[in-house]
file start39.csv (CSV, C-alpha atoms)
chain,number,residue,atom,x,y,z
A,1,MET,CA,71.8,84.6,117.5
A,2,ASP,CA,71.6,88.3,117.3
A,3,ARG,CA,74.6,90.6,116.6
A,4,VAL,CA,74.9,91.8,120.2
A,5,GLU,CA,75.2,88.3,121.6
A,6,LYS,CA,77.5,87.2,118.8
A,7,ALA,CA,79.8,90.2,119.4
A,8,LYS,CA,80.0,89.4,123.1
A,9,LYS,CA,80.9,85.8,122.5
A,10,VAL,CA,83.5,86.7,119.9
A,11,LEU,CA,85.1,89.3,122.1
A,12,ASP,CA,85.2,86.9,125.1
A,13,ILE,CA,87.0,84.3,123.1
A,14,LEU,CA,89.4,86.8,121.5
A,15,GLU,CA,90.3,88.3,125.0
A,16,LYS,CA,91.5,84.9,126.0
A,17,GLU,CA,93.3,84.5,122.8
A,18,PHE,CA,95.0,87.9,123.0
A,19,PRO,CA,95.1,88.9,126.7
A,20,ASP,CA,97.8,91.6,126.1
A,21,ALA,CA,96.3,93.1,122.9
A,22,LYS,CA,97.2,96.8,122.5
A,23,THR,CA,98.5,99.2,119.9
A,24,ALA,CA,101.8,98.2,118.4
A,25,LEU,CA,102.8,101.8,117.9
A,26,GLU,CA,105.3,103.1,120.4
A,27,PHE,CA,104.6,106.5,122.0
A,28,SER,CA,105.0,108.3,125.3
A,29,ASN,CA,102.4,111.1,124.9
A,30,PRO,CA,99.3,112.0,122.8
A,31,LEU,CA,101.3,114.0,120.2
A,32,GLU,CA,103.7,111.1,119.6
A,33,LEU,CA,100.8,108.7,119.0
A,34,LEU,CA,99.1,111.2,116.7
A,35,ILE,CA,102.3,111.5,114.6
A,36,ALA,CA,102.9,107.7,114.6
A,37,THR,CA,99.3,107.0,113.6
A,38,ILE,CA,99.4,109.4,110.7
A,39,LEU,CA,102.7,107.9,109.5
A,40,SER,CA,101.3,104.3,109.8
A,41,ALA,CA,98.8,104.7,106.9
A,42,GLN,CA,99.7,102.0,104.4
A,43,THR,CA,103.0,101.4,106.3
A,44,THR,CA,103.8,98.7,108.9
A,45,ASP,CA,103.8,99.6,112.6
A,46,LYS,CA,107.2,98.0,112.8
A,47,LEU,CA,108.7,100.4,110.2
A,48,VAL,CA,106.9,103.4,111.8
A,49,ASN,CA,108.4,102.6,115.2
A,50,LYS,CA,111.8,102.4,113.6
A,51,VAL,CA,111.3,105.9,112.1
A,52,THR,CA,109.8,107.5,115.2
A,53,LYS,CA,112.6,106.3,117.5
A,54,GLU,CA,114.8,109.0,116.0
A,55,LEU,CA,112.0,111.4,115.0
A,56,PHE,CA,110.7,111.8,118.5
A,57,LYS,CA,114.2,112.8,119.7
A,58,LYS,CA,114.5,115.5,117.1
A,59,TYR,CA,110.9,116.9,117.2
A,60,ARG,CA,109.4,117.1,120.7
A,61,THR,CA,106.5,119.6,120.5
A,62,ALA,CA,103.8,120.4,118.0
A,63,GLY,CA,105.7,123.7,117.4
A,64,ASP,CA,108.8,121.7,116.3
A,65,TYR,CA,106.8,120.0,113.6
A,66,ALA,CA,104.9,123.2,112.6
A,67,SER,CA,108.1,125.1,112.1
A,68,ALA,CA,110.0,122.3,110.4
A,69,ASP,CA,111.5,122.9,106.9
A,70,LEU,CA,110.0,120.3,104.6
A,71,LYS,CA,113.3,119.8,102.9
A,72,GLU,CA,114.8,118.7,106.2
A,73,PHE,CA,111.6,117.0,107.5
A,74,GLU,CA,110.8,114.8,104.5
A,75,PRO,CA,114.1,112.8,104.7
A,76,ASP,CA,113.4,112.2,108.4
A,77,ILE,CA,110.3,110.2,107.5
A,78,SER,CA,111.3,109.0,104.0
A,79,PRO,CA,111.2,105.3,104.8
A,80,VAL,CA,107.4,105.4,105.2
A,81,ASN,CA,105.1,105.3,102.2
A,82,PHE,CA,103.8,108.6,100.8
A,83,TYR,CA,106.2,110.5,103.1
A,84,ARG,CA,106.0,113.7,101.1
A,85,ASN,CA,102.2,113.9,101.6
A,86,LYS,CA,102.5,112.8,105.2
A,87,ALA,CA,105.1,115.5,105.9
A,88,LYS,CA,102.7,118.2,104.6
A,89,SER,CA,99.9,116.7,106.6
A,90,LEU,CA,102.0,116.5,109.8
A,91,LYS,CA,103.2,120.1,109.4
A,92,GLY,CA,99.7,121.4,108.8
A,93,CYS,CA,98.2,119.3,111.6
A,94,CYS,CA,100.7,120.6,114.1
A,95,LYS,CA,100.4,124.1,112.9
A,96,LYS,CA,96.7,124.0,113.7
A,97,ILE,CA,97.4,122.4,117.1
A,98,VAL,CA,99.7,125.3,118.0
A,99,GLU,CA,97.4,128.0,116.6
A,100,GLU,CA,94.1,126.7,117.8
A,101,PHE,CA,94.7,124.3,120.7
A,102,GLY,CA,97.7,125.9,122.5
A,103,GLY,CA,100.1,123.3,121.3
A,104,LYS,CA,98.2,120.4,123.0
A,105,VAL,CA,96.5,117.6,121.1
A,106,PRO,CA,92.7,118.0,121.4
A,107,GLU,CA,90.7,115.4,123.3
A,108,THR,CA,87.5,115.2,121.3
A,109,ILE,CA,86.6,113.4,118.0
A,110,GLY,CA,85.2,116.6,116.6
A,111,GLU,CA,88.4,118.7,117.2
A,112,LEU,CA,90.7,115.9,116.2
A,113,THR,CA,89.1,115.3,112.9
A,114,GLU,CA,89.4,119.0,112.1
A,115,LEU,CA,93.2,118.6,111.9
A,116,PRO,CA,94.8,118.0,108.5
A,117,GLY,CA,95.4,114.4,107.8
A,118,VAL,CA,93.3,113.1,110.7
A,119,GLY,CA,90.2,111.0,110.0
A,120,ARG,CA,88.0,109.1,112.4
A,121,LYS,CA,90.3,106.1,112.5
A,122,THR,CA,93.3,108.1,113.6
A,123,ALA,CA,91.2,110.2,116.0
A,124,ASN,CA,89.8,107.1,117.7
A,125,ILE,CA,93.2,105.5,118.0
A,126,VAL,CA,94.5,108.6,119.8
A,127,LEU,CA,91.4,108.9,122.0
A,128,GLY,CA,91.4,105.3,123.0
A,129,ASN,CA,95.1,104.8,123.5
A,130,ALA,CA,96.6,108.2,124.5
A,131,PHE,CA,93.6,109.6,126.4
A,132,GLY,CA,92.0,106.4,127.7
A,133,LYS,CA,88.6,107.2,126.2
A,134,ASP,CA,86.1,104.7,124.8
A,135,ALA,CA,86.8,104.8,121.1
A,136,LEU,CA,86.5,102.2,118.3
A,137,ALA,CA,88.9,102.7,115.4
A,138,VAL,CA,88.1,100.9,112.1
A,139,ASP,CA,91.2,100.0,110.1
A,140,THR,CA,91.5,97.4,107.4
A,141,HIS,CA,91.8,94.5,109.9
A,142,VAL,CA,88.8,95.7,111.9
A,143,LYS,CA,86.8,96.1,108.7
A,144,ARG,CA,87.6,92.7,107.4
A,145,VAL,CA,87.0,90.8,110.7
A,146,ALA,CA,83.7,92.7,111.3
A,147,GLN,CA,82.5,91.9,107.8
A,148,ARG,CA,83.5,88.2,107.9
A,149,LEU,CA,81.7,87.8,111.2
A,150,GLY,CA,78.6,89.4,109.7
A,151,LEU,CA,78.6,92.2,112.3
A,152,THR,CA,78.3,94.8,109.5
A,153,GLY,CA,77.2,94.8,105.9
A,154,SER,CA,78.9,98.1,105.1
A,155,GLU,CA,82.1,98.9,103.1
A,156,ASP,CA,82.3,102.4,104.6
A,157,PRO,CA,84.6,102.6,107.7
A,158,ASP,CA,82.5,105.3,109.4
A,159,GLU,CA,79.3,103.2,108.9
A,160,ILE,CA,81.1,100.1,110.2
A,161,GLU,CA,82.2,102.1,113.3
A,162,LYS,CA,78.5,103.0,113.9
A,163,ASP,CA,77.4,99.4,113.4
A,164,LEU,CA,79.9,98.0,115.9
A,165,CYS,CA,79.3,100.7,118.4
A,166,LYS,CA,75.6,99.9,118.4
A,167,ILE,CA,76.2,96.2,119.4
A,168,ILE,CA,79.3,96.4,121.5
A,169,PRO,CA,79.3,98.0,125.0
A,170,LYS,CA,81.1,101.3,125.2
A,171,ASN,CA,83.6,100.1,127.7
A,172,ARG,CA,84.8,97.5,125.2
A,173,TRP,CA,85.2,99.8,122.2
A,174,THR,CA,89.0,100.4,122.5
A,175,LYS,CA,89.7,96.8,123.3
A,176,THR,CA,87.6,95.6,120.3
A,177,THR,CA,90.0,97.5,118.0
A,178,HIS,CA,93.0,95.8,119.4
A,179,LEU,CA,91.4,92.4,119.5
A,180,PHE,CA,90.2,92.6,115.9
A,181,ILE,CA,93.5,93.9,114.7
A,182,SER,CA,95.4,91.1,116.5
A,183,HIS,CA,93.0,88.5,115.1
A,184,GLY,CA,93.2,90.0,111.6
A,185,ARG,CA,97.0,89.8,111.6
A,186,LYS,CA,97.4,86.4,113.1
A,187,THR,CA,94.4,84.4,111.6
A,188,CYS,CA,91.8,86.3,109.6
A,189,LYS,CA,94.3,87.4,107.0
A,190,ALA,CA,93.2,89.2,103.9
A,191,PRO,CA,94.0,86.9,101.0
A,192,ASN,CA,94.5,83.6,102.8
A,193,PRO,CA,92.6,83.4,106.2
A,194,LEU,CA,93.6,80.5,108.4
A,195,CYS,CA,89.9,79.5,109.0
A,196,ASP,CA,90.7,76.0,110.1
A,197,ALA,CA,92.7,77.4,113.0
A,198,CYS,CA,90.2,80.2,113.8
A,199,PRO,CA,89.0,80.2,117.5
A,200,ILE,CA,85.8,82.1,116.4
A,201,GLN,CA,84.9,80.1,113.3
A,202,ASP,CA,81.6,79.1,114.8
A,203,TYR,CA,80.5,82.8,114.6
A,204,SER,CA,82.0,83.5,111.2
A,205,VAL,CA,79.7,84.0,108.2
A,206,TYR,CA,82.7,83.9,105.9
A,207,TYR,CA,83.8,80.5,107.3
A,208,LYS,CA,80.3,79.0,106.7
A,209,THR,CA,79.5,80.5,103.3
A,210,VAL,CA,82.8,81.1,101.5
A,211,TYR,CA,85.6,79.1,103.1
A,212,ARG,CA,83.8,75.8,103.4
A,213,LYS,CA,82.5,76.0,99.8
A,214,LYS,CA,86.1,76.6,98.6
A,215,LYS,CA,87.2,73.5,100.5
A,216,LEU,CA,84.5,71.4,99.1
A,217,LYS,CA,85.5,72.4,95.5
A,218,ALA,CA,89.2,71.8,96.2
call {"tool": "encode", "arguments": {"input": "start39.csv", "output": "C-alpha coordinates"}}
result
Amino acid sequence: MDRVEKAKKVLDILEKEFPDAKTALEFSNPLELLIATILSAQTTDKLVNKVTKELFKKYRTAGDYASADLKEFEPDISPVNFYRNKAKSLKGCCKKIVEEFGGKVPETIGELTELPGVGRKTANIVLGNAFGKDALAVDTHVKRVAQRLGLTGSEDPDEIEKDLCKIIPKNRWTKTTHLFISHGRKTCKAPNPLCDACPIQDYSVYYKTVYRKKKLKA
(Lines of atoms letter the chains of each structure in order from A and count residues from 1; the text may use other names and numbers.)
(Lines give C-alpha, C1' and ligand atoms only; values in the text may rest on other atoms or scores of the structure.)
Protein backbone atom coordinates (compact mmCIF):
# COMPACT_ATOMS: atom_id res chain seq x y z
CA MET A 1 0.00 0.00 0.00
CA ASP A 2 1.43 3.38 -0.97
CA ARG A 3 1.43 6.40 1.34
CA VAL A 4 -1.42 8.16 -0.48
CA GLU A 5 -3.76 5.21 0.00
CA LYS A 6 -2.60 4.67 3.58
CA ALA A 7 -3.18 8.33 4.48
CA LYS A 8 -6.70 8.22 3.03
CA LYS A 9 -7.64 5.06 4.95
CA VAL A 10 -6.17 6.44 8.20
CA LEU A 11 -8.00 9.76 7.87
CA ASP A 12 -11.30 8.04 7.05
CA ILE A 13 -11.02 5.97 10.24
CA LEU A 14 -9.95 8.91 12.41
CA GLU A 15 -12.81 11.06 11.11
CA LYS A 16 -15.25 8.46 12.44
CA GLU A 17 -13.28 8.26 15.69
CA PHE A 18 -13.14 12.06 16.16
CA PRO A 19 -16.07 13.58 14.20
CA ASP A 20 -15.84 16.88 16.09
CA ALA A 21 -12.07 17.29 16.03
CA LYS A 22 -11.05 20.96 16.09
CA THR A 23 -8.57 23.24 17.81
CA ALA A 24 -8.88 23.24 21.60
CA LEU A 25 -7.78 26.88 21.80
CA GLU A 26 -10.61 29.33 22.42
CA PHE A 27 -10.75 32.44 20.23
CA SER A 28 -13.18 34.76 18.47
CA ASN A 29 -10.96 36.37 15.83
CA PRO A 30 -7.60 35.81 14.05
CA LEU A 31 -5.63 37.99 16.48
CA GLU A 32 -6.88 36.03 19.49
CA LEU A 33 -5.95 32.72 17.86
CA LEU A 34 -2.51 34.05 16.94
CA ILE A 35 -1.90 35.17 20.54
CA ALA A 36 -3.23 31.91 21.99
CA THR A 37 -1.12 29.78 19.63
CA ILE A 38 2.08 31.62 20.50
CA LEU A 39 1.27 31.20 24.19
CA SER A 40 0.56 27.49 23.74
CA ALA A 41 4.15 26.51 22.92
CA GLN A 42 5.19 23.98 25.60
CA THR A 43 2.05 24.84 27.56
CA THR A 44 -1.30 23.01 27.65
CA ASP A 45 -4.22 24.42 25.69
CA LYS A 46 -6.30 24.19 28.86
CA LEU A 47 -3.96 26.54 30.73
CA VAL A 48 -3.74 28.90 27.76
CA ASN A 49 -7.54 29.14 27.60
CA LYS A 50 -7.60 29.98 31.30
CA VAL A 51 -5.05 32.79 30.78
CA THR A 52 -6.61 34.19 27.61
CA LYS A 53 -10.07 34.39 29.15
CA GLU A 54 -8.96 37.49 31.05
CA LEU A 55 -6.22 38.52 28.65
CA PHE A 56 -8.61 38.98 25.73
CA LYS A 57 -10.80 41.29 27.83
CA LYS A 58 -7.85 43.54 28.64
CA TYR A 59 -6.07 43.54 25.25
CA ARG A 60 -8.44 43.76 22.30
CA THR A 61 -6.32 44.99 19.40
CA ALA A 62 -2.82 44.46 18.05
CA GLY A 63 -2.13 48.03 19.14
CA ASP A 64 -3.00 47.14 22.74
CA TYR A 65 -0.32 44.45 22.78
CA ALA A 66 2.19 46.56 20.86
CA SER A 67 1.95 49.42 23.34
CA ALA A 68 1.79 47.25 26.47
CA ASP A 69 4.35 47.81 29.22
CA LEU A 70 6.23 44.53 29.66
CA LYS A 71 6.25 44.96 33.45
CA GLU A 72 2.46 44.95 33.36
CA PHE A 73 2.06 42.50 30.50
CA GLU A 74 4.33 39.73 31.80
CA PRO A 75 2.23 39.06 34.94
CA ASP A 76 -0.87 38.82 32.73
CA ILE A 77 0.58 35.72 31.02
CA SER A 78 2.87 34.46 33.81
CA PRO A 79 1.11 31.08 34.30
CA VAL A 80 2.38 29.89 30.88
CA ASN A 81 5.88 28.52 30.36
CA PHE A 82 8.57 30.96 29.16
CA TYR A 83 6.18 33.86 29.66
CA ARG A 84 8.91 36.52 29.59
CA ASN A 85 10.13 35.44 26.15
CA LYS A 86 6.57 35.08 24.93
CA ALA A 87 5.69 38.57 26.18
CA LYS A 88 8.52 40.03 24.09
CA SER A 89 7.50 37.97 21.06
CA LEU A 90 3.86 38.99 21.34
CA LYS A 91 4.72 42.64 21.73
CA GLY A 92 7.10 42.53 18.74
CA CYS A 93 4.65 40.50 16.69
CA CYS A 94 1.79 42.92 17.27
CA LYS A 95 4.05 45.94 16.68
CA LYS A 96 4.82 44.58 13.22
CA ILE A 97 1.12 43.86 12.59
CA VAL A 98 0.30 47.48 13.43
CA GLU A 99 3.17 49.02 11.46
CA GLU A 100 3.12 46.81 8.37
CA PHE A 101 -0.34 45.28 8.15
CA GLY A 102 -2.65 48.04 9.35
CA GLY A 103 -3.38 46.31 12.63
CA LYS A 104 -4.85 43.22 10.95
CA VAL A 105 -3.37 39.73 11.11
CA PRO A 106 -2.01 38.88 7.63
CA GLU A 107 -3.55 36.00 5.71
CA THR A 108 -0.58 34.39 3.95
CA ILE A 109 2.05 31.96 5.21
CA GLY A 110 4.84 34.23 3.97
CA GLU A 111 3.61 37.30 5.82
CA LEU A 112 2.69 35.43 8.98
CA THR A 113 6.11 33.81 9.29
CA GLU A 114 7.74 37.24 9.06
CA LEU A 115 6.17 38.10 12.43
CA PRO A 116 8.34 37.66 15.55
CA GLY A 117 7.60 34.39 17.33
CA VAL A 118 5.64 32.93 14.41
CA GLY A 119 6.88 29.78 12.66
CA ARG A 120 5.10 27.64 10.09
CA LYS A 121 3.20 25.65 12.72
CA THR A 122 1.66 28.76 14.30
CA ALA A 123 1.01 30.32 10.90
CA ASN A 124 -0.76 27.22 9.61
CA ILE A 125 -2.91 26.96 12.73
CA VAL A 126 -4.06 30.55 12.21
CA LEU A 127 -4.61 30.08 8.47
CA GLY A 128 -6.57 26.87 8.90
CA ASN A 129 -8.71 27.82 11.87
CA ALA A 130 -9.12 31.61 11.80
CA PHE A 131 -9.18 32.14 8.03
CA GLY A 132 -10.58 28.82 6.85
CA LYS A 133 -7.68 28.17 4.48
CA ASP A 134 -6.19 24.77 3.70
CA ALA A 135 -3.18 24.48 6.03
CA LEU A 136 -1.43 21.57 7.72
CA ALA A 137 0.28 22.40 11.01
CA VAL A 138 2.92 20.04 12.40
CA ASP A 139 3.10 20.02 16.18
CA THR A 140 4.59 17.26 18.36
CA HIS A 141 1.46 15.08 18.06
CA VAL A 142 1.23 15.39 14.27
CA LYS A 143 4.95 14.64 13.99
CA ARG A 144 4.72 11.55 16.21
CA VAL A 145 1.62 10.11 14.53
CA ALA A 146 2.97 10.72 11.02
CA GLN A 147 6.29 9.07 11.89
CA ARG A 148 4.72 6.04 13.55
CA LEU A 149 2.43 5.53 10.57
CA GLY A 150 5.43 5.68 8.25
CA LEU A 151 4.04 8.68 6.37
CA THR A 152 7.32 10.52 6.81
CA GLY A 153 10.89 9.64 7.64
CA SER A 154 11.91 13.14 8.63
CA GLU A 155 12.53 14.74 12.02
CA ASP A 156 12.16 18.28 10.70
CA PRO A 157 8.61 19.71 11.08
CA ASP A 158 8.84 21.69 7.83
CA GLU A 159 9.88 18.57 5.91
CA ILE A 160 7.13 16.54 7.59
CA GLU A 161 4.62 19.18 6.50
CA LYS A 162 5.86 18.83 2.90
CA ASP A 163 5.71 15.03 3.07
CA LEU A 164 2.13 15.06 4.36
CA CYS A 165 0.93 17.73 1.94
CA LYS A 166 2.20 15.63 -0.98
CA ILE A 167 0.07 12.62 -0.04
CA ILE A 168 -3.02 14.23 1.54
CA PRO A 169 -5.59 16.14 -0.54
CA LYS A 170 -5.46 19.89 0.07
CA ASN A 171 -9.05 20.04 1.33
CA ARG A 172 -8.11 17.66 4.18
CA TRP A 173 -4.99 19.46 5.40
CA THR A 174 -6.57 21.44 8.24
CA LYS A 175 -8.66 18.47 9.37
CA THR A 176 -5.59 16.22 9.32
CA THR A 177 -3.94 18.43 11.93
CA HIS A 178 -6.94 18.13 14.26
CA LEU A 179 -7.34 14.39 13.73
CA PHE A 180 -3.66 13.59 14.32
CA ILE A 181 -3.58 15.79 17.43
CA SER A 182 -6.73 14.14 18.81
CA HIS A 183 -5.32 10.68 18.11
CA GLY A 184 -1.96 11.63 19.60
CA ARG A 185 -3.54 12.84 22.80
CA LYS A 186 -5.95 9.96 23.26
CA THR A 187 -4.11 6.91 21.95
CA CYS A 188 -0.76 7.51 20.25
CA LYS A 189 0.85 8.98 23.36
CA ALA A 190 4.55 9.77 23.42
CA PRO A 191 5.99 7.46 26.11
CA ASN A 192 3.23 4.84 26.39
CA PRO A 193 1.06 4.56 23.27
CA LEU A 194 -2.14 2.55 23.68
CA CYS A 195 -1.44 0.42 20.61
CA ASP A 196 -3.79 -2.41 21.59
CA ALA A 197 -6.71 0.04 21.52
CA CYS A 198 -5.56 1.86 18.38
CA PRO A 199 -8.19 2.03 15.59
CA ILE A 200 -5.46 2.45 12.95
CA GLN A 201 -2.97 -0.16 14.19
CA ASP A 202 -3.20 -2.03 10.86
CA TYR A 203 -1.50 0.96 9.21
CA SER A 204 1.06 1.65 11.91
CA VAL A 205 4.70 0.85 11.21
CA TYR A 206 5.44 1.46 14.89
CA TYR A 207 2.84 -1.11 15.97
CA LYS A 208 4.26 -3.76 13.67
CA THR A 209 7.97 -3.15 14.26
CA VAL A 210 8.36 -1.74 17.76
CA TYR A 211 5.28 -2.38 19.88
CA ARG A 212 4.78 -6.04 19.00
CA LYS A 213 8.48 -6.78 19.60
CA LYS A 214 8.23 -5.18 23.04
CA LYS A 215 5.21 -7.32 23.82
CA LEU A 216 6.97 -10.51 22.74
CA LYS A 217 9.91 -9.71 25.04
CA ALA A 218 7.64 -8.86 28.00
call {"tool": "residues_around", "arguments": {"input": "start39.csv", "residues": "Asp76 of chain A", "least_positions_apart": "6", "cutoff": "10 Å", "atoms": "all atoms listed in the file", "output": "short mmCIF file (atom, residue, chain, number, x, y, z; two decimals) with C-alpha atoms, in the coordinates of the input"}}
result
data_model
loop_
_atom_site.label_atom_id
_atom_site.label_comp_id
_atom_site.auth_asym_id
_atom_site.auth_seq_id
_atom_site.Cartn_x
_atom_site.Cartn_y
_atom_site.Cartn_z
CA VAL A 51 111.30 105.90 112.10
CA THR A 52 109.80 107.50 115.20
CA GLU A 54 114.80 109.00 116.00
CA LEU A 55 112.00 111.40 115.00
CA LYS A 58 114.50 115.50 117.10
CA LEU A 70 110.00 120.30 104.60
CA TYR A 83 106.20 110.50 103.10
CA ALA A 87 105.10 115.50 105.90
#
call {"tool": "atom_distance", "arguments": {"input": "start39.csv", "atom1": "atom CA of Glu99 of chain A", "atom2": "atom CA of Ile125 of chain A"}}
result
22.9 Å
call {"tool": "atom_distance", "arguments": {"input": "start39.csv", "atom1": "atom CA of Asn171 of chain A", "atom2": "atom CA of Ala130 of chain A"}}
result
15.6 Å
call {"tool": "closest_residue", "arguments": {"input": "start39.csv", "among": "A:Arg60, A:Trp173, A:Thr113, A:Val105", "to": "Val138 of chain A", "atoms": "all atoms listed in the file"}}
result
A:Trp173
call {"tool": "residues_around", "arguments": {"input": "start39.csv", "residues": "segment 37-49 of chain A", "least_positions_apart": "6", "cutoff": "7 Å", "atoms": "only C-alpha atoms", "output": "ChimeraX atom specification"}}
result
/A:24-26,80-81,86,122
call {"tool": "write_last_selection", "arguments": {"input": "start39.csv", "atoms": "C-alpha atoms", "output": "mmCIF file, keeping the file's coordinate frame"}}
result
data_model
loop_
_atom_site.group_PDB
_atom_site.id
_atom_site.type_symbol
_atom_site.label_atom_id
_atom_site.label_comp_id
_atom_site.auth_asym_id
_atom_site.auth_seq_id
_atom_site.Cartn_x
_atom_site.Cartn_y
_atom_site.Cartn_z
ATOM 1 C CA ALA A 24 101.800 98.200 118.400
ATOM 2 C CA LEU A 25 102.800 101.800 117.900
ATOM 3 C CA GLU A 26 105.300 103.100 120.400
ATOM 4 C CA VAL A 80 107.400 105.400 105.200
ATOM 5 C CA ASN A 81 105.100 105.300 102.200
ATOM 6 C CA LYS A 86 102.500 112.800 105.200
ATOM 7 C CA THR A 122 93.300 108.100 113.600
#
call {"tool": "closest_residue", "arguments": {"input": "start39.csv", "among": "A:Lys16, A:Lys143, A:Lys104, A:Lys91", "to": "Ile181 of chain A", "atoms": "only C-alpha atoms"}}
result
A:Lys143
call {"tool": "atom_distance", "arguments": {"input": "start39.csv", "atom1": "atom CA of Tyr207 of chain A", "atom2": "atom CA of Ala137 of chain A"}}
result
24.2 Å
call {"tool": "closest_residue", "arguments": {"input": "start39.csv", "among": "A:Ile97, A:Leu151, A:Val126, A:Leu14", "to": "Glu114 of chain A", "atoms": "only C-alpha atoms"}}
result
A:Ile97
call {"tool": "residues_around", "arguments": {"input": "start39.csv", "residues": "Gly150 of chain A", "least_positions_apart": "2", "cutoff": "9 Å", "atoms": "all atoms listed in the file", "output": "PyMOL selection string"}}
result
chain A and resi 3+145-148+152-153+203-206
call {"tool": "closest_residue", "arguments": {"input": "start39.csv", "among": "A:Arg172, A:Glu5, A:Gly119, A:Lys88", "to": "Pro157 of chain A", "atoms": "only C-alpha atoms"}}
result
A:Gly119
call {"tool": "closest_residue", "arguments": {"input": "start39.csv", "among": "A:Lys208, A:Lys22, A:Arg120, A:Arg185", "to": "Asp158 of chain A", "atoms": "all atoms listed in the file"}}
result
A:Arg120
